[in-house]
Amino acid sequence: MRFFASVLILSLSCLSHPVGAQEPARPRESKEQAQPPQARPRASTLDELFERLGKAQSEREAEGIAALIERRFARSGSDTADLLLNRAAEAFGKKDFPLAIELIDRVLTLRPNWAEAWYKRATVFYQLDDPVGAMADLHRAIKIEPRHFNAWTGLGHILMASDDKARALAAYRRVLTINPQMSDVKTIVSRLSPEVDGQDL
């Protein structure tokens, strides 16, 4: 059950990236000397990253792709919202959960369609022993971003804690359709499947 909370600790981080300084002006070159500018490689879209995640051949490869996806999830498009969520992470780290909730509430006022903020507030609710609030926020996160594998994992853990093994297994299986290399979840599914589905004869 600690896995759910640990995901937040790993994922709550400030992902603001300073814009690089512009290059100084260069002297003009003759046509013979001029070199065509080297095109920057195009950044993968979120859809492309999820496609790569589904095809990853190893857990290590999948972890690298998942980290890129989580970085995309953590960008709200608002510097203010990002800063508030970073402060919520600091409060969470100090176990000041009420302050973390207050800060994430402000984030959600600014960015109500930010799945990651709903997911992270769910994790704080879980630490406050409020599984109902946590589950509501996880469902909200999943509704906004159905591929949010961390939210599906958290939902599975809460359902397991309430002994709803069939729905927990369905949530874990959903995780593996998105991120098939998650070894922790694969282990849970392999242990839970015979109990829920029945032993093969």
# chains A, B, ... in the order shown; residues from 1 in each chain; ligands from 1
>>> residues_around(residues="His139 of chain A", least_positions_apart="4", cutoff="9 Å", atoms="only C-alpha atoms", output="mmCIF file with C-alpha atoms, in the first residue's frame")
data_model
loop_
_atom_site.group_PDB
_atom_site.id
_atom_site.type_symbol
_atom_site.label_atom_id
_atom_site.label_comp_id
_atom_site.auth_asym_id
_atom_site.auth_seq_id
_atom_site.Cartn_x
_atom_site.Cartn_y
_atom_site.Cartn_z
ATOM 1 C CA TRP A 118 -6.153 15.590 -9.366
ATOM 2 C CA TYR A 119 -3.919 12.548 -9.107
ATOM 3 C CA ALA A 134 -8.759 9.817 -3.015
ATOM 4 C CA MET A 135 -10.861 7.544 -5.221
ATOM 5 C CA LYS A 143 -11.547 10.875 -16.932
ATOM 6 C CA ILE A 144 -9.265 13.717 -18.070
ATOM 7 C CA ALA A 151 -3.761 6.988 -11.354
ATOM 8 C CA TRP A 152 -4.916 3.518 -12.445
ATOM 9 C CA LEU A 155 -7.055 3.131 -7.910
#
>>> atom_distance(atom1="atom CA of Ser162 of chain A", atom2="atom CA of Asp137 of chain A")
16.7 Å
>>> atom_distance(atom1="atom CA of Arg71 of chain A", atom2="atom CA of Arg167 of chain A")
28.5 Å
>>> atom_distance(atom1="atom CA of Glu59 of chain A", atom2="atom CA of Ser183 of chain A")
7.3 Å
>>> select_by_dssp(residues="segment 82-167 of chain A", states="helix (DSSP H, G or I)", output="PyMOL selection string")
chain A and resi 82-93+97-110+115-127+131-144+149-161+165-167
>>> residues_around(residues="Asp47 of chain A", least_positions_apart="5", cutoff="12 Å", atoms="only C-alpha atoms", output="MDAnalysis selection string")
chainID A and resid 52:54 65 68:69 72 145 147 178
